[in-house]
Amino acid sequence: MASKVIILLRFLKTTTYDYGRLNITRVIKKPRVIETTALGAAYLVGLQVGLYENLDGIAALWHEEKTYHPEMTASKRAQLYQGWQQAVRRVLTT
């Protein structure tokens, strides 16, 4: 599972959009712990039983493992985005 997440993050770092505006890219920060659903549930239990005073105490526990910076050119992003839009249109019309 972790290797699939890493592959996805590597791709996303090159194709990140901001609501379809292709010239805007974002840095992606990968957390040290990627099983965030289970961790979130555990944090909520800890908050309920008083292990953590508030959400700020939980937020302070977040640690970054790696940062992915955009590398793809705007023209390549536009090409891939156009292909994605075409694929979505094909799915919606079948």
# chains A, B, ... in the order shown; residues from 1 in each chain; ligands from 1

$ residues_around --residues "A:Leu55" --least-positions-apart "4" --cutoff "12 Å" --atoms "only C-alpha atoms" --output "CSV table (one decimal) with N, CA and C atoms, in the first residue's frame"
chain,number,residue,atom,x,y,z
A,40,GLY,N,-6.6,9.2,13.0
A,40,GLY,CA,-7.6,10.2,13.3
A,40,GLY,C,-8.6,9.6,14.3
A,43,TYR,N,-7.0,9.5,17.6
A,43,TYR,CA,-6.9,10.8,18.2
A,43,TYR,C,-8.2,11.3,18.8
A,44,LEU,N,-9.3,11.0,18.1
A,44,LEU,CA,-10.6,11.4,18.6
A,44,LEU,C,-10.9,10.6,20.0
A,45,VAL,N,-10.6,9.4,20.0
A,45,VAL,CA,-10.8,8.6,21.3
A,45,VAL,C,-9.9,9.3,22.4
A,46,GLY,N,-8.7,9.6,22.1
A,46,GLY,CA,-7.8,10.2,23.0
A,46,GLY,C,-8.3,11.6,23.5
A,47,LEU,N,-8.9,12.3,22.6
A,47,LEU,CA,-9.5,13.6,22.9
A,47,LEU,C,-10.7,13.4,23.9
A,48,GLN,N,-11.5,12.4,23.6
A,48,GLN,CA,-12.7,12.1,24.4
A,48,GLN,C,-12.3,11.6,25.8
A,50,GLY,N,-9.6,12.4,27.4
A,50,GLY,CA,-8.8,13.4,28.1
A,50,GLY,C,-7.3,13.3,27.9
A,51,LEU,N,-6.9,12.4,27.0
A,51,LEU,CA,-5.5,12.2,26.7
A,51,LEU,C,-4.9,13.5,26.1
A,59,ALA,N,-2.7,18.4,16.7
A,59,ALA,CA,-2.1,19.0,15.5
A,59,ALA,C,-0.6,19.0,15.7
A,60,ALA,N,-0.1,19.3,16.9
A,60,ALA,CA,1.3,19.4,17.2
A,60,ALA,C,2.0,18.0,17.0
A,61,LEU,N,1.3,17.0,16.9
A,61,LEU,CA,1.9,15.6,16.7
A,61,LEU,C,2.2,15.3,15.3
A,62,TRP,N,1.6,16.1,14.3
A,62,TRP,CA,1.8,15.9,12.9
A,62,TRP,C,3.3,16.2,12.5

$ closest_residue --among "A:Ile7, A:Leu92, A:Ile34, A:Val27" --to "A:Tyr68" --atoms "only C-alpha atoms"
A:Val27

$ atom_distance --atom1 "atom CA of A:Val33" --atom2 "atom CA of A:Lys66"
11.1 Å
